[in-house]
file entry22.cif (mmCIF, C-alpha atoms and all ligand atoms)
data_final
#
loop_
_atom_site.label_atom_id
_atom_site.label_comp_id
_atom_site.auth_asym_id
_atom_site.auth_seq_id
_atom_site.Cartn_x
_atom_site.Cartn_y
_atom_site.Cartn_z
CA MET S 1 0.00 0.00 0.00
CA ILE S 2 1.25 3.48 -0.85
CA GLY S 3 1.85 5.64 2.23
CA SER S 4 1.84 9.43 2.41
CA PHE S 5 4.61 11.40 0.73
CA GLU S 6 5.54 14.87 -0.46
CA PHE S 7 7.18 15.88 -3.74
CA VAL S 8 8.55 19.34 -4.46
CA LEU S 9 10.38 20.87 -7.42
CA PRO S 10 10.92 24.59 -6.77
CA THR S 11 13.21 24.98 -9.80
CA ARG S 12 11.88 25.95 -13.22
CA VAL S 13 13.68 23.72 -15.72
CA VAL S 14 14.44 24.93 -19.24
CA PHE S 15 16.07 22.23 -21.39
CA GLY S 16 17.33 22.42 -24.98
CA SER S 17 20.08 23.35 -27.40
CA GLY S 18 20.96 27.03 -27.03
CA VAL S 19 18.87 27.75 -23.91
CA CYS S 20 21.91 29.19 -22.12
CA LYS S 21 21.48 32.21 -24.38
CA ASN S 22 18.28 33.00 -22.44
CA LEU S 23 20.24 33.93 -19.31
CA ALA S 24 19.84 37.72 -19.65
CA ASP S 25 16.07 37.36 -20.17
CA GLU S 26 15.78 34.98 -17.22
CA LEU S 27 17.59 37.40 -14.91
CA THR S 28 15.63 40.39 -16.17
CA GLY S 29 12.43 38.41 -15.62
CA LEU S 30 13.48 37.91 -12.01
CA GLY S 31 14.12 41.65 -11.70
CA LYS S 32 17.90 41.16 -11.44
CA LYS S 33 20.48 43.52 -12.89
CA HIS S 34 23.86 42.54 -11.47
CA PRO S 35 24.65 38.82 -11.15
CA LEU S 36 27.80 37.15 -9.86
CA ILE S 37 28.91 34.23 -12.05
CA ILE S 38 30.27 31.31 -9.99
CA THR S 39 32.52 29.04 -12.05
CA ASP S 40 36.02 27.59 -12.44
CA LYS S 41 39.08 28.60 -14.44
CA GLY S 42 38.96 25.47 -16.62
CA LEU S 43 35.56 26.44 -18.01
CA ILE S 44 36.79 29.96 -18.71
CA GLU S 45 39.83 28.60 -20.59
CA ALA S 46 37.62 26.16 -22.51
CA GLY S 47 35.41 29.03 -23.69
CA VAL S 48 32.28 27.58 -22.04
CA VAL S 49 31.69 30.60 -19.77
CA GLU S 50 32.04 32.95 -22.76
CA LYS S 51 29.25 31.04 -24.57
CA VAL S 52 26.95 31.84 -21.65
CA VAL S 53 27.98 35.41 -20.79
CA LYS S 54 27.98 36.54 -24.43
CA GLY S 55 24.24 37.09 -24.11
CA LEU S 56 24.71 39.16 -20.94
CA LYS S 57 27.23 41.39 -22.72
CA GLU S 58 24.89 41.82 -25.70
CA ALA S 59 22.10 42.78 -23.30
CA GLY S 60 24.38 45.33 -21.63
CA MET S 61 24.03 43.66 -18.25
CA ILE S 62 26.69 44.28 -15.59
CA PHE S 63 28.13 41.08 -14.13
CA ASP S 64 31.16 39.87 -12.18
CA ILE S 65 32.91 36.51 -12.23
CA PHE S 66 34.19 34.47 -9.28
CA ASP S 67 36.20 31.68 -10.93
CA GLU S 68 37.94 30.05 -7.97
CA ILE S 69 35.79 26.93 -7.62
CA GLU S 70 37.77 23.72 -7.13
CA PRO S 71 36.62 20.07 -7.13
CA ASN S 72 35.20 19.07 -3.72
CA PRO S 73 34.67 22.79 -2.91
CA ARG S 74 36.00 24.06 0.42
CA ASP S 75 34.37 26.13 3.15
CA PHE S 76 36.89 28.95 2.68
CA THR S 77 36.03 29.15 -1.04
CA VAL S 78 32.37 29.66 -0.08
CA HIS S 79 33.36 32.47 2.29
CA LYS S 80 35.63 34.06 -0.33
CA GLY S 81 32.81 33.99 -2.89
CA TYR S 82 30.47 35.50 -0.31
CA GLU S 83 32.90 38.40 0.26
CA VAL S 84 33.17 38.96 -3.50
CA ALA S 85 29.36 39.07 -3.83
CA LEU S 86 29.15 41.60 -0.97
CA THR S 87 31.95 43.76 -2.34
CA LYS S 88 30.55 43.80 -5.86
CA GLY S 89 26.96 44.38 -4.75
CA SER S 90 25.67 41.28 -6.58
CA ASP S 91 21.88 40.90 -6.58
CA SER S 92 21.80 37.31 -7.88
CA LEU S 93 24.01 34.28 -8.55
CA VAL S 94 24.63 32.28 -11.71
CA ALA S 95 26.42 28.94 -11.36
CA ILE S 96 28.14 27.64 -14.49
CA GLY S 97 29.79 24.26 -13.98
CA GLY S 98 29.42 20.88 -12.38
CA GLY S 99 28.24 20.10 -8.86
CA SER S 100 31.14 22.02 -7.31
CA SER S 101 30.12 25.38 -8.82
CA MET S 102 26.40 24.84 -8.24
CA ASP S 103 26.86 23.62 -4.65
CA THR S 104 29.18 26.54 -3.86
CA ALA S 105 26.70 29.01 -5.35
CA LYS S 106 23.93 27.60 -3.13
CA ALA S 107 26.20 27.94 -0.09
CA ILE S 108 27.16 31.52 -1.01
CA GLY S 109 23.43 32.21 -1.36
CA VAL S 110 22.86 30.88 2.17
CA LEU S 111 25.47 33.25 3.59
CA LEU S 112 24.10 36.23 1.62
CA THR S 113 20.68 35.78 3.20
CA HIS S 114 21.66 34.44 6.65
CA GLY S 115 25.27 35.49 7.38
CA GLY S 116 27.48 33.49 9.75
CA SER S 117 29.65 30.51 8.86
CA ILE S 118 28.61 27.86 6.34
CA ARG S 119 29.23 25.25 9.08
CA ASP S 120 26.21 26.69 10.94
CA TYR S 121 23.91 25.26 8.28
CA GLU S 122 25.16 21.67 8.15
CA GLY S 123 22.35 19.13 8.08
CA LEU S 124 18.76 19.17 6.94
CA GLY S 125 16.46 22.15 7.46
CA LYS S 126 18.87 24.62 9.13
CA VAL S 127 18.28 27.24 6.43
CA GLU S 128 15.31 29.45 7.35
CA LYS S 129 14.84 31.81 4.40
CA PRO S 130 15.04 31.40 0.61
CA ILE S 131 18.49 32.20 -0.76
CA CYS S 132 18.92 35.01 -3.29
CA ASP S 133 17.88 34.10 -6.85
CA LEU S 134 20.19 31.50 -8.38
CA VAL S 135 20.30 30.37 -12.00
CA ALA S 136 22.08 27.00 -12.41
CA ILE S 137 23.69 26.06 -15.72
CA PRO S 138 25.22 22.54 -15.64
CA THR S 139 28.25 21.71 -17.78
CA THR S 140 28.69 18.04 -16.82
CA VAL S 141 26.37 15.07 -17.23
CA GLY S 142 26.23 13.92 -13.66
CA THR S 143 25.54 16.11 -10.69
CA GLY S 144 21.84 16.94 -10.89
CA SER S 145 22.64 19.81 -8.53
CA GLU S 146 20.68 22.15 -10.81
CA VAL S 147 17.47 20.65 -9.40
CA THR S 148 18.44 19.37 -5.94
CA PHE S 149 18.15 20.97 -2.52
CA TRP S 150 21.62 19.91 -1.45
CA SER S 151 24.98 21.63 -1.24
CA VAL S 152 27.99 19.52 -0.30
CA ILE S 153 30.95 21.53 1.01
CA THR S 154 34.24 20.30 2.49
CA ASP S 155 34.85 21.38 6.08
CA THR S 156 38.62 21.85 5.92
CA GLU S 157 39.09 21.57 9.67
CA ARG S 158 37.46 18.14 9.87
CA HIS S 159 38.38 17.02 6.30
CA PHE S 160 34.70 16.15 6.08
CA LYS S 161 32.14 16.79 3.36
CA MET S 162 29.19 18.55 4.99
CA SER S 163 25.73 18.29 3.48
CA ILE S 164 23.47 21.33 3.70
CA GLY S 165 19.92 20.47 2.70
CA SER S 166 16.74 22.54 2.25
CA PRO S 167 14.31 23.28 -0.61
CA LEU S 168 15.06 26.93 0.23
CA ILE S 169 18.54 26.63 -1.35
CA ALA S 170 17.35 25.26 -4.71
CA ALA S 171 18.07 27.18 -7.90
CA LYS S 172 15.23 29.38 -9.14
CA VAL S 173 15.88 28.40 -12.75
CA ALA S 174 17.95 25.63 -14.36
CA LEU S 175 19.11 26.29 -17.91
CA VAL S 176 20.11 22.84 -19.14
CA ASP S 177 21.83 23.21 -22.50
CA PRO S 178 23.30 20.18 -24.34
CA ASP S 179 25.60 22.52 -26.34
CA LEU S 180 27.61 23.09 -23.15
CA VAL S 181 28.54 19.40 -22.72
CA GLU S 182 29.52 18.88 -26.36
CA SER S 183 33.26 19.21 -25.70
CA LEU S 184 33.30 17.40 -22.34
CA PRO S 185 36.26 14.91 -22.34
CA PRO S 186 35.31 11.17 -22.32
CA SER S 187 36.82 10.53 -18.86
CA ILE S 188 34.62 13.27 -17.35
CA VAL S 189 31.56 12.00 -19.23
CA ALA S 190 32.27 8.54 -17.78
CA SER S 191 32.75 9.63 -14.16
CA THR S 192 29.96 12.21 -14.02
CA GLY S 193 27.63 9.85 -15.91
CA MET S 194 28.30 7.18 -13.28
CA ASP S 195 27.52 9.76 -10.59
CA ALA S 196 24.15 10.33 -12.30
CA LEU S 197 23.53 6.58 -12.43
CA THR S 198 24.34 6.38 -8.71
CA HIS S 199 21.84 9.16 -7.98
CA ALA S 200 19.14 7.25 -9.83
CA VAL S 201 19.98 3.88 -8.22
CA GLU S 202 20.16 5.32 -4.70
CA GLY S 203 17.14 7.58 -5.16
CA TYR S 204 15.12 4.60 -6.45
CA THR S 205 16.14 2.11 -3.76
CA CYS S 206 16.63 4.20 -0.59
CA THR S 207 14.23 4.08 2.35
CA LEU S 208 12.71 7.47 1.41
CA ALA S 209 11.74 6.46 -2.14
CA GLU S 210 8.12 7.12 -3.14
CA PRO S 211 6.11 6.59 -6.37
CA ILE S 212 7.20 9.80 -8.14
CA THR S 213 10.87 9.31 -7.31
CA ASP S 214 10.50 5.65 -8.38
CA ALA S 215 9.16 6.79 -11.76
CA CYS S 216 12.00 9.29 -12.23
CA GLY S 217 14.64 6.86 -10.92
CA ILE S 218 13.88 3.90 -13.17
CA TYR S 219 13.45 6.20 -16.21
CA ALA S 220 16.83 7.83 -15.50
CA ILE S 221 18.56 4.45 -15.02
CA ARG S 222 17.31 3.26 -18.42
CA MET S 223 18.23 6.52 -20.13
CA ILE S 224 21.73 6.62 -18.65
CA ALA S 225 22.39 2.91 -19.34
CA GLU S 226 21.25 3.22 -22.96
CA ASN S 227 23.53 6.18 -23.65
CA ILE S 228 26.61 6.19 -21.42
CA ARG S 229 28.79 3.78 -23.43
CA LYS S 230 28.08 5.58 -26.72
CA ALA S 231 28.66 8.98 -25.08
CA VAL S 232 32.04 7.90 -23.66
CA GLN S 233 33.37 5.58 -26.35
CA GLU S 234 32.08 7.37 -29.47
CA ASN S 235 31.79 10.92 -28.12
CA ASP S 236 28.28 10.84 -29.61
CA LYS S 237 26.43 14.17 -29.33
CA GLU S 238 22.92 12.71 -29.07
CA ALA S 239 24.06 10.24 -26.40
CA LYS S 240 25.60 13.10 -24.39
CA THR S 241 22.35 15.07 -24.69
CA ASN S 242 20.40 12.07 -23.40
CA LEU S 243 22.88 11.61 -20.58
CA LEU S 244 22.45 15.27 -19.55
CA LEU S 245 18.68 14.72 -19.44
CA GLY S 246 19.14 11.44 -17.53
CA SER S 247 21.30 13.29 -14.99
CA LEU S 248 18.61 15.97 -14.56
CA ILE S 249 15.86 13.38 -14.00
CA ALA S 250 18.10 11.44 -11.59
CA GLY S 251 18.58 14.73 -9.70
CA ILE S 252 14.79 15.19 -9.42
CA CYS S 253 14.62 11.60 -8.11
CA PHE S 254 17.24 11.69 -5.36
CA GLY S 255 16.50 15.32 -4.50
CA ASN S 256 13.07 14.21 -3.31
CA SER S 257 14.03 10.83 -1.84
CA ASP S 258 17.69 10.67 -0.83
CA ILE S 259 21.06 9.23 -1.59
CA ALA S 260 22.38 6.27 0.39
CA GLY S 261 25.46 4.13 1.12
CA VAL S 262 27.46 4.90 -2.02
CA HIS S 263 27.38 8.62 -1.29
CA CYS S 264 28.11 8.08 2.42
CA MET S 265 31.31 6.28 1.38
CA GLY S 266 32.14 8.49 -1.61
CA GLU S 267 31.84 11.69 0.42
CA ALA S 268 34.20 10.22 3.03
CA LEU S 269 36.67 9.52 0.21
CA GLY S 270 36.26 13.02 -1.23
CA GLY S 271 36.78 14.60 2.20
CA LEU S 272 39.96 12.64 3.00
CA TYR S 273 41.55 12.25 -0.44
CA ASP S 274 39.89 14.79 -2.70
CA THR S 275 38.91 11.86 -4.94
CA PRO S 276 36.79 13.12 -7.88
CA HIS S 277 33.20 12.48 -6.83
CA GLY S 278 32.15 10.55 -9.95
CA VAL S 279 35.21 8.28 -9.79
CA ALA S 280 34.42 7.44 -6.16
CA MET S 281 30.79 6.71 -7.09
CA ALA S 282 31.71 4.42 -9.99
CA ALA S 283 34.25 2.48 -7.92
CA LEU S 284 31.80 1.91 -5.05
CA LEU S 285 28.37 1.59 -6.68
CA PRO S 286 28.45 -2.14 -7.63
CA HIS S 287 29.77 -3.11 -4.19
CA VAL S 288 27.08 -1.20 -2.30
CA MET S 289 24.45 -2.67 -4.67
CA GLU S 290 25.81 -6.13 -3.83
CA TYR S 291 25.22 -5.35 -0.15
CA ASN S 292 21.75 -3.87 -0.80
CA TYR S 293 20.15 -6.09 -3.46
CA VAL S 294 18.55 -8.38 -0.86
CA SER S 295 16.39 -5.46 0.33
CA ASP S 296 13.96 -5.64 -2.59
CA TYR S 297 14.38 -8.29 -5.29
CA GLY S 298 11.58 -6.72 -7.35
CA LYS S 299 13.18 -3.28 -7.53
CA PHE S 300 16.67 -4.60 -8.19
CA ALA S 301 15.31 -6.92 -10.95
CA GLU S 302 13.54 -3.92 -12.48
CA MET S 303 16.87 -2.07 -12.42
CA ALA S 304 18.58 -5.04 -14.12
CA ARG S 305 16.00 -4.82 -16.92
CA ALA S 306 16.51 -1.02 -17.20
CA LEU S 307 20.27 -1.62 -17.36
CA GLY S 308 19.69 -3.81 -20.42
CA GLU S 309 19.94 -7.29 -18.85
CA ASP S 310 17.83 -10.21 -20.06
CA ILE S 311 16.32 -11.58 -16.84
CA GLU S 312 13.70 -13.88 -18.36
CA GLY S 313 13.65 -17.28 -16.68
CA LEU S 314 15.92 -16.27 -13.79
CA THR S 315 14.93 -16.77 -10.16
CA GLU S 316 13.83 -13.61 -8.35
CA GLU S 317 17.15 -13.41 -6.53
CA SER S 318 19.26 -14.00 -9.67
CA ALA S 319 17.25 -11.38 -11.58
CA ALA S 320 17.93 -8.88 -8.79
CA TYR S 321 21.64 -9.79 -8.69
CA ALA S 322 21.87 -9.25 -12.46
CA SER S 323 21.69 -5.50 -11.71
CA VAL S 324 24.90 -5.78 -9.65
CA LEU S 325 26.68 -7.66 -12.45
CA ALA S 326 25.48 -5.13 -15.04
CA VAL S 327 26.96 -2.20 -13.09
CA LYS S 328 30.25 -4.06 -12.49
CA LYS S 329 30.54 -4.64 -16.24
CA LEU S 330 29.65 -1.02 -16.99
CA SER S 331 32.39 0.28 -14.67
CA ARG S 332 34.91 -2.03 -16.41
CA ASP S 333 33.77 -0.99 -19.90
CA LEU S 334 34.12 2.69 -19.03
CA LYS S 335 37.65 2.11 -17.65
CA ILE S 336 36.88 3.86 -14.38
CA PRO S 337 40.02 3.94 -12.17
CA THR S 338 40.01 1.69 -9.10
CA LEU S 339 40.39 2.93 -5.51
CA VAL S 340 44.03 1.76 -5.58
CA GLU S 341 44.66 3.68 -8.81
CA VAL S 342 43.29 6.92 -7.31
CA GLY S 343 45.73 6.61 -4.40
CA VAL S 344 43.57 5.29 -1.56
CA LYS S 345 45.74 3.61 1.10
CA ALA S 346 44.64 0.33 2.69
CA GLU S 347 45.49 1.62 6.19
CA ASP S 348 42.95 4.43 5.78
CA LEU S 349 39.98 2.13 5.13
CA PRO S 350 38.92 2.00 8.84
CA GLU S 351 38.94 5.82 9.02
CA LEU S 352 36.92 6.02 5.80
CA ALA S 353 34.38 3.55 7.22
CA LYS S 354 34.13 5.62 10.41
CA ARG S 355 33.43 8.80 8.43
CA SER S 356 30.91 7.02 6.19
CA ALA S 357 28.92 5.93 9.23
CA VAL S 358 28.27 9.52 10.36
CA ASN S 359 26.93 10.72 7.01
CA VAL S 360 23.51 12.40 7.19
CA SER S 361 22.08 9.79 4.74
CA VAL S 362 23.14 6.58 6.51
CA ASP S 363 19.59 5.75 7.58
CA SER S 364 18.39 6.03 3.98
CA ASN S 365 20.38 2.97 2.91
CA PRO S 366 17.87 0.20 2.12
CA VAL S 367 19.76 -2.32 4.29
CA PRO S 368 20.87 -1.09 7.74
CA VAL S 369 24.59 -0.35 7.55
CA THR S 370 27.15 0.15 10.33
CA GLU S 371 30.76 1.28 10.43
CA LYS S 372 31.79 -2.40 10.38
CA ASP S 373 29.65 -3.03 7.28
CA PHE S 374 31.11 0.01 5.53
CA LEU S 375 34.60 -1.33 6.22
CA GLU S 376 33.72 -4.69 4.64
CA ILE S 377 32.30 -2.94 1.56
CA PHE S 378 35.40 -0.72 1.30
CA LYS S 379 37.60 -3.84 1.46
CA LYS S 380 35.63 -5.52 -1.33
CA ALA S 381 35.88 -2.42 -3.52
CA TYR S 382 39.59 -2.04 -2.69
CA TYR S 383 40.81 -5.60 -3.15
CA ASN S 384 38.54 -6.80 -6.01
FE FE S 401 26.64 12.33 -6.43
#
call {"tool": "encode", "arguments": {"input": "entry22.cif", "output": "structure tokens"}}
result
Amino acid sequence: MIGSFEFVLPTRVVFGSGVCKNLADELTGLGKKHPLIITDKGLIEAGVVEKVVKGLKEAGMIFDIFDEIEPNPRDFTVHKGYEVALTKGSDSLVAIGGGSSMDTAKAIGVLLTHGGSIRDYEGLGKVEKPICDLVAIPTTVGTGSEVTFWSVITDTERHFKMSIGSPLIAAKVALVDPDLVESLPPSIVASTGMDALTHAVEGYTCTLAEPITDACGIYAIRMIAENIRKAVQENDKEAKTNLLLGSLIAGICFGNSDIAGVHCMGEALGGLYDTPHGVAMAALLPHVMEYNYVSDYGKFAEMARALGEDIEGLTEESAAYASVLAVKKLSRDLKIPTLVEVGVKAEDLPELAKRSAVNVSVDSNPVPVTEKDFLEIFKKAYYN
């Protein structure tokens, strides 16, 4: 029987080739005249930021750029961006980039409306007022941050990735433009695409899943699985476009349900080692699925089918396990680096397990999971 649930999507989504050119009109429509662009130097060098701000220049709009966003963004970067926004008199924020830029922009928005330290807002529901208007423009195919209510920021004192969650920090508008991911390198398509797949798998199977997130989750899994190999191996434009849409729908899924064990572990890795988020997800996803598949054979079998597996004639358990095998094969095919290859040290596994067990989403994992369990999963991912 279906219980009660709530579904919210405060972000207006505009998807399509060339929609990033609408930025000036979107800001004007919101009554904004002086945005701060939050991005990274790589996207400036690659000419991606210019593609977006060209329209602002043509419209004669004043804007400033804060381009100091790094992977696994730090607390001090948030505070620096906040100071820039105050100094420049910015009335709105525009994030151009992957999850790092969008998450940092949300956090800067929190400080602009609340003040204090970003650490004050760690957890769910600590933000009391809507942040200033934010337009999110994704340039990778994986984060979904353009439609989620989460900002993940590294606390540099604790070497810990804090999660700040509230619908009040969501972007006002998401401009999702496939033209911006056209030149994304295959290794980034692979890792961010696997992050998107992880969002869909965790959003679909976690304890907070409900019918609408189920619908989005299974649709996103199918869409990502059907396109990720072609996007990575053939650099196919249509496949990348579909992957960008899959990532968006996966974001809508997990934003309303939750993430689970893979992110608990991956955020511990990112906090301690600065491991790229998508690489951590891809390395851990099949192992966490192997731990979780017993929770719901029906859902895991449905995922196996969406991942392209033929499950006809298999027992319920084997059909469910086929989803685990499908993701293991996908990680191999995409040549995702292993935990050893990204420099994780065996002696740190207990510390990583300890940090995973205090993640805000631990209780959302479909099978109860303790520090000891996390350690066993880390060992499987590390030594296999
Ligand atoms: Fe993620």
call {"tool": "atom_distance", "arguments": {"input": "entry22.cif", "atom1": "atom CA of Ala209 of chain S", "atom2": "atom CA of Arg229 of chain S"}}
result
27.4 Å
call {"tool": "closest_residue", "arguments": {"input": "entry22.cif", "among": "S:Thr77, S:Ser151, S:Ser117, S:Ser92", "to": "ligand FE 401 (chain S)", "atoms": "all atoms listed in the file"}}
result
S:Ser151
call {"tool": "residues_near_point", "arguments": {"input": "entry22.cif", "point": "(33.7, -0.5, -18.1)", "cutoff": "12 Å", "atoms": "all atoms listed in the file", "output": "ChimeraX atom specification"}}
result
/S:187,190-191,194,225,228-230,232-233,282-283,286,325-338
call {"tool": "write_last_selection", "arguments": {"input": "entry22.cif", "atoms": "C-alpha atoms", "output": "CSV table (one decimal), in the coordinates of the input"}}
result
chain,number,residue,atom,x,y,z
S,187,SER,CA,36.8,10.5,-18.9
S,190,ALA,CA,32.3,8.5,-17.8
S,191,SER,CA,32.8,9.6,-14.2
S,194,MET,CA,28.3,7.2,-13.3
S,225,ALA,CA,22.4,2.9,-19.3
S,228,ILE,CA,26.6,6.2,-21.4
S,229,ARG,CA,28.8,3.8,-23.4
S,230,LYS,CA,28.1,5.6,-26.7
S,232,VAL,CA,32.0,7.9,-23.7
S,233,GLN,CA,33.4,5.6,-26.4
S,282,ALA,CA,31.7,4.4,-10.0
S,283,ALA,CA,34.2,2.5,-7.9
S,286,PRO,CA,28.4,-2.1,-7.6
S,325,LEU,CA,26.7,-7.7,-12.4
S,326,ALA,CA,25.5,-5.1,-15.0
S,327,VAL,CA,27.0,-2.2,-13.1
S,328,LYS,CA,30.2,-4.1,-12.5
S,329,LYS,CA,30.5,-4.6,-16.2
S,330,LEU,CA,29.6,-1.0,-17.0
S,331,SER,CA,32.4,0.3,-14.7
S,332,ARG,CA,34.9,-2.0,-16.4
S,333,ASP,CA,33.8,-1.0,-19.9
S,334,LEU,CA,34.1,2.7,-19.0
S,335,LYS,CA,37.6,2.1,-17.6
S,336,ILE,CA,36.9,3.9,-14.4
S,337,PRO,CA,40.0,3.9,-12.2
S,338,THR,CA,40.0,1.7,-9.1
call {"tool": "residues_around", "arguments": {"input": "entry22.cif", "residues": "Ile221 of chain S", "least_positions_apart": "6", "cutoff": "12 Å", "atoms": "all atoms listed in the file", "output": "PDB file with C-alpha atoms, in the coordinates of the input"}}
result
ATOM      1  CA  GLY S 193      27.630   9.850 -15.910  1.00  0.00           C
ATOM      2  CA  MET S 194      28.300   7.180 -13.280  1.00  0.00           C
ATOM      3  CA  ASP S 195      27.520   9.760 -10.590  1.00  0.00           C
ATOM      4  CA  ALA S 196      24.150  10.330 -12.300  1.00  0.00           C
ATOM      5  CA  LEU S 197      23.530   6.580 -12.430  1.00  0.00           C
ATOM      6  CA  THR S 198      24.340   6.380  -8.710  1.00  0.00           C
ATOM      7  CA  HIS S 199      21.840   9.160  -7.980  1.00  0.00           C
ATOM      8  CA  ALA S 200      19.140   7.250  -9.830  1.00  0.00           C
ATOM      9  CA  VAL S 201      19.980   3.880  -8.220  1.00  0.00           C
ATOM     10  CA  GLU S 202      20.160   5.320  -4.700  1.00  0.00           C
ATOM     11  CA  GLY S 203      17.140   7.580  -5.160  1.00  0.00           C
ATOM     12  CA  TYR S 204      15.120   4.600  -6.450  1.00  0.00           C
ATOM     13  CA  THR S 205      16.140   2.110  -3.760  1.00  0.00           C
ATOM     14  CA  THR S 213      10.870   9.310  -7.310  1.00  0.00           C
ATOM     15  CA  ASP S 214      10.500   5.650  -8.380  1.00  0.00           C
ATOM     16  CA  ALA S 215       9.160   6.790 -11.760  1.00  0.00           C
ATOM     17  CA  ASN S 227      23.530   6.180 -23.650  1.00  0.00           C
ATOM     18  CA  ILE S 228      26.610   6.190 -21.420  1.00  0.00           C
ATOM     19  CA  ASN S 242      20.400  12.070 -23.400  1.00  0.00           C
ATOM     20  CA  LEU S 243      22.880  11.610 -20.580  1.00  0.00           C
ATOM     21  CA  LEU S 245      18.680  14.720 -19.440  1.00  0.00           C
ATOM     22  CA  GLY S 246      19.140  11.440 -17.530  1.00  0.00           C
ATOM     23  CA  SER S 247      21.300  13.290 -14.990  1.00  0.00           C
ATOM     24  CA  LEU S 248      18.610  15.970 -14.560  1.00  0.00           C
ATOM     25  CA  ILE S 249      15.860  13.380 -14.000  1.00  0.00           C
ATOM     26  CA  ALA S 250      18.100  11.440 -11.590  1.00  0.00           C
ATOM     27  CA  GLY S 251      18.580  14.730  -9.700  1.00  0.00           C
ATOM     28  CA  CYS S 253      14.620  11.600  -8.110  1.00  0.00           C
ATOM     29  CA  PHE S 300      16.670  -4.600  -8.190  1.00  0.00           C
ATOM     30  CA  GLU S 302      13.540  -3.920 -12.480  1.00  0.00           C
ATOM     31  CA  MET S 303      16.870  -2.070 -12.420  1.00  0.00           C
ATOM     32  CA  ALA S 304      18.580  -5.040 -14.120  1.00  0.00           C
ATOM     33  CA  ARG S 305      16.000  -4.820 -16.920  1.00  0.00           C
ATOM     34  CA  ALA S 306      16.510  -1.020 -17.200  1.00  0.00           C
ATOM     35  CA  LEU S 307      20.270  -1.620 -17.360  1.00  0.00           C
ATOM     36  CA  GLY S 308      19.690  -3.810 -20.420  1.00  0.00           C
ATOM     37  CA  SER S 323      21.690  -5.500 -11.710  1.00  0.00           C
ATOM     38  CA  ALA S 326      25.480  -5.130 -15.040  1.00  0.00           C
ATOM     39  CA  VAL S 327      26.960  -2.200 -13.090  1.00  0.00           C
TER      40      VAL S 327
END
call {"tool": "closest_atom_pairs", "arguments": {"input": "entry22.cif", "of": "chain S", "to": "ligand FE 401 (chain S)", "cutoff": "9 Å", "atoms": "all atoms listed in the file", "output": "Markdown table"}}
result
| residue | atom | partner | partner_atom | distance |
| --- | --- | --- | --- | --- |
| S:Gly99 | CA | S:FE401 | FE | 8.3 |
| S:Gly142 | CA | S:FE401 | FE | 7.4 |
| S:Thr143 | CA | S:FE401 | FE | 5.8 |
| S:Gly144 | CA | S:FE401 | FE | 8.0 |
| S:Ser145 | CA | S:FE401 | FE | 8.7 |
| S:Thr192 | CA | S:FE401 | FE | 8.3 |
| S:Met194 | CA | S:FE401 | FE | 8.7 |
| S:Asp195 | CA | S:FE401 | FE | 5.0 |
| S:Ala196 | CA | S:FE401 | FE | 6.7 |
| S:Leu197 | CA | S:FE401 | FE | 8.9 |
| S:Thr198 | CA | S:FE401 | FE | 6.8 |
| S:His199 | CA | S:FE401 | FE | 6.0 |
| S:Ile259 | CA | S:FE401 | FE | 8.0 |
| S:Val262 | CA | S:FE401 | FE | 8.7 |
| S:His263 | CA | S:FE401 | FE | 6.4 |
| S:Gly266 | CA | S:FE401 | FE | 8.3 |
| S:Glu267 | CA | S:FE401 | FE | 8.6 |
| S:His277 | CA | S:FE401 | FE | 6.6 |
| S:Gly278 | CA | S:FE401 | FE | 6.8 |
| S:Met281 | CA | S:FE401 | FE | 7.0 |
call {"tool": "atom_distance", "arguments": {"input": "entry22.cif", "atom1": "atom CA of Val362 of chain S", "atom2": "atom CA of Phe254 of chain S"}}
result
14.2 Å
call {"tool": "atom_distance", "arguments": {"input": "entry22.cif", "atom1": "atom CA of Ala353 of chain S", "atom2": "atom CA of Gly217 of chain S"}}
result
27.0 Å
call {"tool": "closest_residue", "arguments": {"input": "entry22.cif", "among": "S:Leu180, S:Asn365, S:Glu238, S:Ala319", "to": "Glu50 of chain S", "atoms": "only C-alpha atoms"}}
result
S:Leu180
call {"tool": "closest_atom_pairs", "arguments": {"input": "entry22.cif", "of": "segment 126-165 of chain S", "to": "segment 38-41 of chain S", "cutoff": "12 Å", "atoms": "all atoms listed in the file", "output": "CSV"}}
result
residue,atom,partner,partner_atom,distance
S:Leu134,CA,S:Ile38,CA,10.2
S:Val135,CA,S:Ile38,CA,10.2
S:Ala136,CA,S:Ile38,CA,9.6
S:Ile137,CA,S:Thr39,CA,10.0
S:Pro138,CA,S:Thr39,CA,10.4
S:Thr139,CA,S:Thr39,CA,10.2
call {"tool": "closest_residue", "arguments": {"input": "entry22.cif", "among": "S:Gly343, S:Pro366, S:Gly29, S:Gly47", "to": "Leu208 of chain S", "atoms": "all atoms listed in the file"}}
result
S:Pro366
call {"tool": "residues_around", "arguments": {"input": "entry22.cif", "residues": "Thr87 of chain S", "least_positions_apart": "3", "cutoff": "12 Å", "atoms": "only C-alpha atoms", "output": "MDAnalysis selection string"}}
result
chainID S and resid 36 64 66 80:84 90:91 112
call {"tool": "residues_around", "arguments": {"input": "entry22.cif", "residues": "Met265 of chain S", "least_positions_apart": "4", "cutoff": "8 Å", "atoms": "only C-alpha atoms", "output": "list of chain:residue names"}}
result
S:Gly261, S:Leu269, S:Leu284, S:Leu352, S:Ala353, S:Arg355, S:Ser356, S:Phe374
call {"tool": "residues_near_point", "arguments": {"input": "entry22.cif", "point": "(36.0, 19.9, 0.9)", "cutoff": "12 Å", "atoms": "only C-alpha atoms", "output": "VMD selection string"}}
result
chain S and resid 69 to 78 100 103 to 104 119 151 to 163 267 to 277
call {"tool": "residues_around", "arguments": {"input": "entry22.cif", "residues": "Thr148 of chain S", "least_positions_apart": "5", "cutoff": "7 Å", "atoms": "only C-alpha atoms", "output": "ChimeraX atom specification"}}
result
/S:170,251-252,255
